[in-house]
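Peer 1: What follows is the file data32.cif, containing mmCIF, C-alpha atoms:
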data_run
loop_
_atom_site.label_atom_id
_atom_site.label_comp_id
_atom_site.auth_asym_id
_atom_site.auth_seq_id
_atom_site.Cartn_x
_atom_site.Cartn_y
_atom_site.Cartn_z
CA MET A 1 108.56 59.00 -112.85
CA LYS A 2 111.88 59.79 -114.50
CA LEU A 3 115.09 59.25 -112.57
CA TYR A 4 118.18 61.27 -113.34
CA THR A 5 121.31 59.17 -112.66
CA TYR A 6 124.60 60.61 -111.36
CA GLY A 7 126.78 57.62 -110.68
CA ILE A 8 127.22 54.09 -109.40
CA ILE A 9 128.69 53.77 -105.91
CA ASP A 10 130.22 50.95 -103.89
CA SER A 11 127.45 50.97 -101.30
CA SER A 12 123.91 49.70 -101.05
CA SER A 13 123.14 51.87 -98.02
CA GLN A 14 121.36 55.17 -98.05
CA ILE A 15 123.41 58.36 -98.24
CA ASN A 16 123.63 59.86 -94.77
CA LYS A 17 124.21 63.52 -95.61
CA PRO A 18 121.63 65.35 -97.71
CA ILE A 19 122.83 66.06 -101.26
CA TYR A 20 120.81 68.08 -103.74
CA GLY A 21 121.09 67.57 -107.48
CA LEU A 22 119.42 68.89 -110.63
CA GLU A 23 116.43 71.17 -109.99
CA GLY A 24 117.35 71.05 -106.30
CA ALA A 25 115.94 67.53 -106.01
CA GLY A 26 117.16 65.30 -103.18
CA VAL A 27 119.65 62.66 -104.22
CA TYR A 28 119.24 59.06 -103.03
CA ASN A 29 120.68 55.62 -103.59
CA ILE A 30 118.88 52.75 -105.32
CA PRO A 31 120.62 49.61 -104.02
CA TYR A 32 121.39 46.56 -106.12
CA CYS A 33 123.32 43.74 -104.41
CA ASP A 34 126.29 45.44 -102.75
CA ILE A 35 126.37 48.54 -104.99
CA GLY A 36 123.92 51.34 -105.77
CA ALA A 37 122.82 53.86 -108.39
CA VAL A 38 122.59 57.44 -107.14
CA VAL A 39 119.59 59.24 -108.62
CA SER A 40 117.18 62.09 -108.15
CA GLU A 41 113.64 62.55 -109.43
CA PHE A 42 113.46 64.56 -112.60
CA THR A 43 110.85 66.39 -114.62
CA GLU A 44 112.50 67.42 -117.86
CA PRO A 45 112.30 71.18 -118.30
CA ARG A 46 112.42 72.79 -121.75
CA GLN A 47 116.09 73.69 -121.35
CA SER A 48 117.53 70.74 -119.45
CA LYS A 49 121.10 70.71 -120.76
CA THR A 50 122.27 73.99 -119.28
CA GLU A 51 125.57 75.05 -117.73
CA SER A 52 123.99 75.05 -114.29
CA SER A 53 122.72 71.50 -114.72
CA VAL A 54 126.20 70.34 -115.79
CA LEU A 55 127.64 71.97 -112.68
CA ALA A 56 124.94 70.45 -110.48
CA HIS A 57 125.71 67.01 -111.92
CA GLU A 58 129.43 67.44 -111.30
CA GLU A 59 128.87 68.73 -107.77
CA VAL A 60 126.83 65.67 -106.82
CA ILE A 61 129.61 63.39 -108.07
CA GLU A 62 132.22 65.35 -106.13
CA ARG A 63 130.17 65.06 -102.94
CA LEU A 64 129.80 61.32 -103.51
CA MET A 65 133.56 61.00 -104.07
CA GLU A 66 134.16 62.16 -100.50
CA HIS A 67 132.61 58.96 -99.16
CA PHE A 68 132.45 56.36 -101.91
CA THR A 69 134.17 54.95 -104.97
CA VAL A 70 132.11 56.46 -107.77
CA LEU A 71 131.63 55.42 -111.37
CA PRO A 72 130.32 58.64 -112.88
CA VAL A 73 127.42 58.22 -115.28
CA ARG A 74 127.29 60.34 -118.43
CA PHE A 75 125.58 63.70 -118.03
CA HIS A 76 121.84 63.61 -118.74
CA THR A 77 121.33 59.87 -118.34
CA ILE A 78 117.68 59.40 -117.44
CA PHE A 79 115.75 56.21 -116.72
CA ASN A 80 112.06 55.46 -116.65
CA GLY A 81 111.45 54.80 -112.97
CA ARG A 82 113.10 52.54 -110.45
CA ASP A 83 112.54 49.45 -112.61
CA GLY A 84 114.58 50.98 -115.42
CA VAL A 85 117.48 51.63 -113.07
CA ILE A 86 117.34 48.15 -111.53
CA SER A 87 117.24 46.53 -114.96
CA MET A 88 120.33 48.52 -116.02
CA MET A 89 122.11 47.52 -112.79
CA GLN A 90 121.23 43.88 -113.41
CA SER A 91 122.72 44.00 -116.91
CA TYR A 92 125.91 45.76 -115.88
CA TYR A 93 126.48 44.53 -112.34
CA LYS A 94 129.61 42.50 -113.14
CA ASP A 95 131.15 45.38 -115.09
CA PHE A 96 130.32 47.89 -112.37
CA ARG A 97 131.75 45.62 -109.69
CA ASN A 98 135.01 45.11 -111.63
CA ASN A 99 135.38 48.82 -112.30
CA ILE A 100 134.71 49.76 -108.69
CA ASP A 101 137.41 47.33 -107.52
CA ARG A 102 139.86 48.62 -110.12
CA LEU A 103 139.21 52.30 -109.50
CA ARG A 104 138.98 52.21 -105.70
CA ASN A 105 141.12 54.93 -104.07
CA LYS A 106 142.08 56.37 -107.42
CA VAL A 107 141.31 59.72 -109.00
CA GLU A 108 141.73 61.14 -112.46
CA PHE A 109 143.86 64.10 -113.49
CA GLY A 110 143.78 65.86 -116.83
CA ILE A 111 146.80 67.47 -118.44
CA LYS A 112 146.74 69.54 -121.59
CA VAL A 113 149.75 71.18 -123.16
CA ILE A 114 149.84 73.80 -125.90
CA TRP A 115 153.17 74.28 -127.63
CA PRO A 116 154.25 77.10 -129.95
CA SER A 117 153.65 75.10 -133.14
CA GLY A 118 154.40 78.06 -135.43
CA LYS A 119 157.84 78.62 -133.92
CA ILE A 120 158.58 74.90 -133.88
CA LYS A 121 157.76 74.63 -137.61
CA GLU A 122 159.82 77.71 -138.38
CA HIS A 123 162.77 76.20 -136.54
CA ILE A 124 162.37 72.96 -138.48
CA ILE A 125 162.28 74.81 -141.80
CA ASN A 126 165.44 76.71 -140.90
CA THR A 127 167.42 73.76 -139.62
CA CYS A 128 166.25 70.70 -141.50
CA ASP A 129 169.06 69.47 -143.72
CA LYS A 130 167.38 66.47 -145.35
CA LYS A 131 167.61 67.87 -148.87
CA VAL A 132 166.60 65.81 -151.85
CA SER A 133 167.42 67.05 -155.30
CA ILE A 134 164.35 66.92 -157.50
CA PRO A 135 164.77 68.60 -160.87
CA ASP A 136 162.66 71.68 -161.53
CA ASP A 137 161.98 71.14 -165.21
CA SER A 138 158.24 70.36 -165.14
CA SER A 139 155.12 71.25 -163.17
CA ASN A 140 154.76 67.60 -162.09
CA LYS A 141 158.24 67.55 -160.58
CA ARG A 142 157.73 70.93 -158.92
CA PHE A 143 154.54 69.52 -157.40
CA ILE A 144 156.45 66.56 -155.95
CA ARG A 145 159.18 68.85 -154.64
CA GLU A 146 156.66 71.04 -152.80
CA LYS A 147 154.92 67.98 -151.42
CA PHE A 148 158.23 66.56 -150.27
CA GLU A 149 159.17 69.78 -148.47
CA LYS A 150 155.87 69.68 -146.62
CA TYR A 151 156.31 65.97 -145.89
CA ARG A 152 159.72 66.37 -144.28
CA ILE A 153 158.49 69.30 -142.15
CA ASP A 154 155.47 67.28 -140.98
CA GLU A 155 157.66 64.27 -140.19
CA GLU A 156 160.07 66.36 -138.17
CA PHE A 157 157.18 68.14 -136.43
CA GLU A 158 155.73 64.81 -135.35
CA LYS A 159 159.11 63.53 -134.19
CA LYS A 160 159.52 66.57 -131.98
CA ALA A 161 156.00 66.14 -130.61
CA ASN A 162 156.75 62.51 -129.75
CA LYS A 163 159.99 63.50 -128.06
CA TYR A 164 158.34 66.10 -125.80
CA ILE A 165 155.40 63.84 -125.00
CA ASN A 166 157.70 60.95 -124.07
CA VAL A 167 159.67 63.12 -121.67
CA MET A 168 156.52 64.40 -119.97
CA ASP A 169 154.95 60.98 -119.84
CA ILE A 170 157.99 59.46 -118.12
CA PHE A 171 157.51 61.87 -115.22
CA PHE A 172 153.75 61.44 -114.96
CA SER A 173 153.75 57.68 -115.41
CA LYS A 174 155.88 57.22 -112.29
CA TYR A 175 152.80 58.07 -110.22
CA ALA A 176 150.00 56.85 -112.47
CA ALA A 177 148.22 53.51 -112.52
CA GLU A 178 146.72 54.03 -115.97
CA LYS A 179 146.79 56.69 -118.67
CA LYS A 180 145.28 57.79 -121.96
CA LEU A 181 147.27 60.10 -124.18
CA LYS A 182 146.19 61.96 -127.29
CA LYS A 183 148.89 63.59 -129.36
CA LEU A 184 148.42 66.69 -131.54
CA LYS A 185 144.61 66.84 -131.52
CA THR A 186 145.25 70.16 -133.20
CA GLU A 187 148.61 71.55 -134.34
CA ASN A 188 148.85 73.61 -131.15
CA LEU A 189 147.46 71.10 -128.70
CA LEU A 190 150.55 68.97 -128.22
CA LEU A 191 149.12 66.74 -125.51
CA ASP A 192 145.68 65.98 -124.16
CA ALA A 193 146.12 63.32 -121.49
CA VAL A 194 144.30 61.79 -118.57
CA TYR A 195 146.06 59.88 -115.81
CA LEU A 196 144.58 57.64 -113.17
CA VAL A 197 146.42 58.23 -109.91
CA GLU A 198 146.19 56.59 -106.51
CA LYS A 199 144.89 59.06 -103.95
CA ASP A 200 148.03 58.86 -101.82
CA LYS A 201 150.20 59.74 -104.83
CA GLN A 202 148.26 62.88 -105.77
CA ASN A 203 150.85 65.25 -104.35
CA ASP A 204 153.72 63.49 -106.09
CA PHE A 205 151.82 63.66 -109.35
CA ARG A 206 151.22 67.37 -108.89
CA GLN A 207 154.90 67.91 -108.15
CA ALA A 208 155.83 66.06 -111.33
CA PHE A 209 153.56 68.48 -113.19
CA GLU A 210 155.23 71.52 -111.58
CA HIS A 211 158.62 70.11 -112.53
CA ILE A 212 157.58 69.66 -116.17
CA LYS A 213 156.05 73.13 -116.22
CA SER A 214 159.19 74.80 -114.97
CA GLY A 215 161.30 72.86 -117.50
CA ARG A 216 159.46 74.34 -120.51
CA PRO A 217 157.99 77.70 -119.50
CA ASP A 218 157.34 78.58 -123.16
CA PHE A 219 154.64 75.88 -123.33
CA LYS A 220 151.16 76.50 -121.93
CA TYR A 221 149.66 74.09 -119.44
CA LEU A 222 146.29 73.12 -118.06
CA PHE A 223 146.12 70.87 -115.02
CA SER A 224 142.77 69.61 -113.80
CA GLY A 225 141.55 67.31 -111.08
CA PRO A 226 141.14 65.37 -108.96
CA TRP A 227 138.14 64.09 -110.91
CA PRO A 228 136.22 60.87 -110.57
CA SER A 229 137.43 58.35 -113.13
CA TYR A 230 135.41 59.62 -116.08
CA ASN A 231 137.81 58.22 -118.66
CA PHE A 232 138.72 54.89 -117.11
CA VAL A 233 135.41 53.10 -116.70
CA ILE A 234 135.47 50.11 -119.04
CA LEU A 235 132.20 48.46 -119.98
CA SER A 236 132.31 45.10 -121.74
CA LYS A 237 128.68 45.44 -122.83
CA LYS A 238 128.03 48.51 -124.90
CA ASN A 239 125.44 50.29 -126.99
CA ASP A 240 122.34 48.81 -125.41
CA LEU A 241 122.16 51.68 -122.95
CA LEU A 242 120.23 53.99 -125.25
CA LYS A 243 118.22 56.62 -123.51
CA ASP A 244 114.51 57.11 -124.29
CA SER A 245 115.19 60.16 -126.45
CA GLU A 246 117.95 58.35 -128.35
CA GLN A 247 115.69 55.36 -128.99
CA LYS A 248 112.98 57.65 -130.42
CA ASP A 249 115.57 59.52 -132.48
CA LEU A 250 117.01 56.30 -133.89
CA PHE A 251 113.55 54.93 -134.65
CA ASN A 252 112.60 58.08 -136.58
CA LYS A 253 115.80 57.93 -138.61
CA VAL A 254 115.19 54.29 -139.57
CA ILE A 255 111.63 55.16 -140.70
CA GLN A 256 112.94 58.09 -142.77
CA LEU A 257 115.61 55.91 -144.38
CA GLN A 258 113.04 53.21 -145.14
CA ASP A 259 110.89 55.82 -146.89
CA LEU A 260 113.86 57.07 -148.82
CA VAL A 261 114.95 53.71 -150.20
CA GLY A 262 111.45 52.27 -150.45
CA ALA A 263 112.36 49.34 -148.22
CA ASP A 264 110.00 47.47 -145.94
CA LYS A 265 112.68 46.59 -143.49
CA ILE A 266 116.20 47.71 -142.74
CA MET B 1 135.73 72.00 -104.12
CA THR B 2 134.48 74.04 -107.08
CA LEU B 3 135.19 73.42 -110.75
CA ASN B 4 137.38 76.52 -110.87
CA SER B 5 139.62 75.21 -108.15
CA MET B 6 139.96 71.92 -110.01
CA ILE B 7 141.21 73.50 -113.23
CA GLU B 8 144.48 75.39 -113.19
CA THR B 9 145.76 77.32 -116.16
CA ASP B 10 146.98 80.81 -117.02
CA PHE B 11 145.54 80.51 -120.53
CA PRO B 12 141.89 79.42 -120.28
CA GLU B 13 140.77 81.07 -123.55
CA GLU B 14 143.47 79.36 -125.58
CA PHE B 15 142.61 75.93 -124.22
CA VAL B 16 138.91 76.51 -124.85
CA GLU B 17 139.72 77.49 -128.43
CA GLU B 18 141.93 74.47 -129.09
CA MET B 19 139.48 72.03 -127.54
CA GLY B 20 136.69 73.62 -129.59
CA LYS B 21 138.71 73.15 -132.77
CA SER B 22 139.39 69.50 -132.01
CA GLN B 23 135.76 68.73 -131.23
CA ASN B 24 134.03 70.66 -134.01
CA VAL B 25 135.56 68.69 -136.81
CA LEU B 26 134.48 65.28 -135.65
CA PRO B 27 130.82 64.69 -134.90
CA LYS B 28 130.22 61.68 -132.65
CA ARG B 29 127.55 60.37 -134.99
CA ILE B 30 126.47 60.87 -138.55
CA ASP B 31 123.23 62.78 -138.76
CA ALA B 32 121.53 60.86 -141.55
CA ASN B 33 118.16 62.05 -142.74
CA PRO B 34 116.50 62.33 -146.17
CA LYS B 35 117.68 65.92 -146.60
CA ASN B 36 121.36 65.29 -146.06
CA VAL B 37 121.80 61.59 -146.74
CA GLU B 38 123.47 62.27 -150.12
CA LYS B 39 126.00 64.60 -148.54
CA GLY B 40 126.52 62.14 -145.67
CA LEU B 41 127.33 59.31 -148.07
CA ALA B 42 129.56 61.54 -150.17
CA LYS B 43 131.42 62.54 -147.01
CA LEU B 44 131.99 58.91 -146.11
CA VAL B 45 133.15 57.92 -149.60
CA LEU B 46 135.37 60.98 -150.02
CA THR B 47 136.90 60.38 -146.58
CA LEU B 48 137.95 56.91 -147.67
CA ILE B 49 139.29 58.17 -151.01
CA GLU B 50 141.19 60.91 -149.18
CA LEU B 51 142.70 58.32 -146.84
CA ILE B 52 143.92 56.26 -149.80
CA ARG B 53 145.20 59.40 -151.56
CA LYS B 54 147.18 60.41 -148.47
CA LEU B 55 148.61 56.90 -148.12
CA LEU B 56 149.71 56.96 -151.77
CA GLU B 57 151.24 60.38 -151.29
CA LYS B 58 153.10 59.32 -148.16
CA GLN B 59 154.41 56.20 -149.87
CA ALA B 60 155.60 58.31 -152.79
CA MET B 61 157.36 60.74 -150.42
CA ARG B 62 159.12 57.85 -148.69
CA ARG B 63 160.39 56.65 -152.05
CA VAL B 64 161.53 60.15 -152.96
CA GLU B 65 163.33 60.36 -149.62
CA ALA B 66 165.00 57.01 -150.21
CA GLY B 67 166.03 58.18 -153.68
CA SER B 68 164.50 55.10 -155.29
CA LEU B 69 162.51 56.91 -158.00
CA SER B 70 163.90 57.71 -161.43
CA ASP B 71 163.26 61.07 -163.11
CA GLU B 72 160.57 59.52 -165.25
CA GLN B 73 158.88 57.91 -162.25
CA ILE B 74 158.90 61.24 -160.36
CA GLU B 75 157.25 62.83 -163.39
CA ASN B 76 154.55 60.13 -163.51
CA VAL B 77 153.91 60.13 -159.76
CA GLY B 78 153.73 63.94 -159.78
CA GLU B 79 151.15 63.92 -162.54
CA THR B 80 149.04 61.23 -160.84
CA LEU B 81 149.06 62.90 -157.43
CA MET B 82 148.32 66.31 -158.92
CA LYS B 83 145.33 64.96 -160.86
CA LEU B 84 144.06 63.08 -157.80
CA GLU B 85 144.32 66.21 -155.68
CA SER B 86 142.53 68.37 -158.20
CA LYS B 87 139.75 65.77 -158.63
CA MET B 88 139.29 65.64 -154.87
CA GLU B 89 139.03 69.44 -154.74
CA GLU B 90 136.36 69.31 -157.43
CA LEU B 91 134.34 66.66 -155.57
CA LYS B 92 134.65 68.50 -152.26
CA GLN B 93 133.26 71.62 -153.91
CA ILE B 94 130.37 69.73 -155.52
CA PHE B 95 129.29 68.29 -152.15
CA GLY B 96 130.15 71.41 -150.12
CA LEU B 97 132.68 69.62 -147.94
CA LYS B 98 135.72 71.14 -146.24
CA ASP B 99 139.06 69.41 -145.66
CA GLU B 100 138.50 69.11 -141.92
CA GLU B 101 135.17 67.38 -142.48
CA LEU B 102 136.83 64.45 -144.23
CA ASN B 103 137.57 62.36 -141.19
CA LEU B 104 135.95 59.64 -139.14
CA ASN B 105 135.88 59.16 -135.41
CA LEU B 106 136.71 55.53 -134.75
CA GLY B 107 135.79 55.69 -131.08
CA PRO B 108 138.51 54.26 -128.82
CA LEU B 109 140.84 53.90 -131.83
CA GLY B 110 140.86 57.66 -132.30
CA ASP B 111 140.40 59.47 -135.60
CA LEU B 112 140.92 57.89 -139.00
CA MET B 113 143.29 60.65 -140.15
#
Would you mind giving the structure from this file in structure tokens?
Peer 2:
Amino acid sequence: MKLYTYGIIDSSSQINKPIYGLEGAGVYNIPYCDIGAVVSEFTEPRQSKTESSVLAHEEVIERLMEHFTVLPVRFHTIFNGRDGVISMMQSYYKDFRNNIDRLRNKVEFGIKVIWPSGKIKEHIINTCDKKVSIPDDSSNKRFIREKFEKYRIDEEFEKKANKYINVMDIFFSKYAAEKKLKKLKTENLLLDAVYLVEKDKQNDFRQAFEHIKSGRPDFKYLFSGPWPSYNFVILSKKNDLLKDSEQKDLFNKVIQLQDLVGADKI
Amino acid sequence: MTLNSMIETDFPEEFVEEMGKSQNVLPKRIDANPKNVEKGLAKLVLTLIELIRKLLEKQAMRRVEAGSLSDEQIENVGETLMKLESKMEELKQIFGLKDEELNLNLGPLGDLM
């Protein structure tokens, strides 16, 4: 019997209220010491990674969040029976325990900001005064001059991005316990950040966002949350949590590579 | 609470587009199989060459900015960088690789370039 796993919770007791997960299956807790893995029985349909299954997964986690500290498990994590789940819990118990203690009473918020990169670059081109005189008497020198123009625009662009991000981050960090920031994932996507916020500071955090938003109405904002701490679970042991399908996939690739290079072993 | 009530934005399409752009370029894993292993290796090697080329270019620009290159040195650096760039273009064409494909996801460290 396959077990679809939603999350690890800080309880070894059964869940009192009925919760239904993927394929409408009842969700229950498999206890291990003082924590538990929340699962439902699962028969893999042909199309298992659908939008509705993602939503069902998320909904279960949200319901769990109402009563427990939850470490969300990656979507579509499936174990072979109860023994598989218990063995995973055994291996990761210490990590799970530490994360649960660290993330108790905290939720995650996501903030994304799009800035008008075209206008920003145009402004830089029009105002940048860092001129360097490179003679124009050969194609090699012209090449360097063009490269240098691009270089100084890129440098200025990045400086401006850092400046805006620092200002925003000062406001958000006041109410955040932890954060992860990604700058300029694309030219337009100035900031893609996640903040871990204590539950009783949620409103302050939201107000900080509104304040930032009103300060730069020409930027575009996306605010999301409260989420369970998807981005703040830290596992010290990694990579030995391969799912069945991943193990098969990996095995096939090794065989194919062995054939290709004529090796007995890799 | 529904997902819609957890995500607030006046510009959903634009965010979907930007997130799509940032995810498409960087596969989480290299799909190595006999059919594409040559391209996969070329991608890896060219990514590293591109990284070194960009570092060289940046270093050269810093020296231009500082005004520490003579006319002759600018000429030489220009020629070298131009040849490197054109060779890279040639190799990218041979292996059917685009600029945005020449990158590596270093997990928690972010992207190589």
Peer 1: Residue by residue, what does the PyMOL selection byres ((chain B) within 7 of (chain A)) grab here? Present the result as a PyMOL selection string.
Peer 2: chain B and resi 6-9+18+22+33-34+61+65+74-75+78-79
Peer 1: Residues at most 10 Å from region 17-29 of chain A, counting all atoms listed in the file, excluding those fewer than 3 positions away in the same chain, as a count of residues only?
Peer 2: 36
Peer 1: In Å to one decimal, how far is CA of Phe232 (chain A) from CA of Asn99 (chain A)?
Peer 2: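 Pair CA of Asn99 (chain A) / CA of Phe232 (chain A) returns 8.4 Å.
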Peer 1: Figure out the distance between CA of Leu97 (chain B) and CA of Glu85 (chain B), please, to one decimal in Å.
Peer 2: 14.4 Å
Peer 1: Tell me which protein, DNA and RNA residues are within 9 Å of Glu57 (chain B), counting only C-alpha atoms, leaving out same-chain ones fewer than 4 positions away, and put them as a list in words.
Peer 2: Lys147 of chain A; Ile52, Arg53, Met61, Arg62, Val77 and Leu81 of chain B
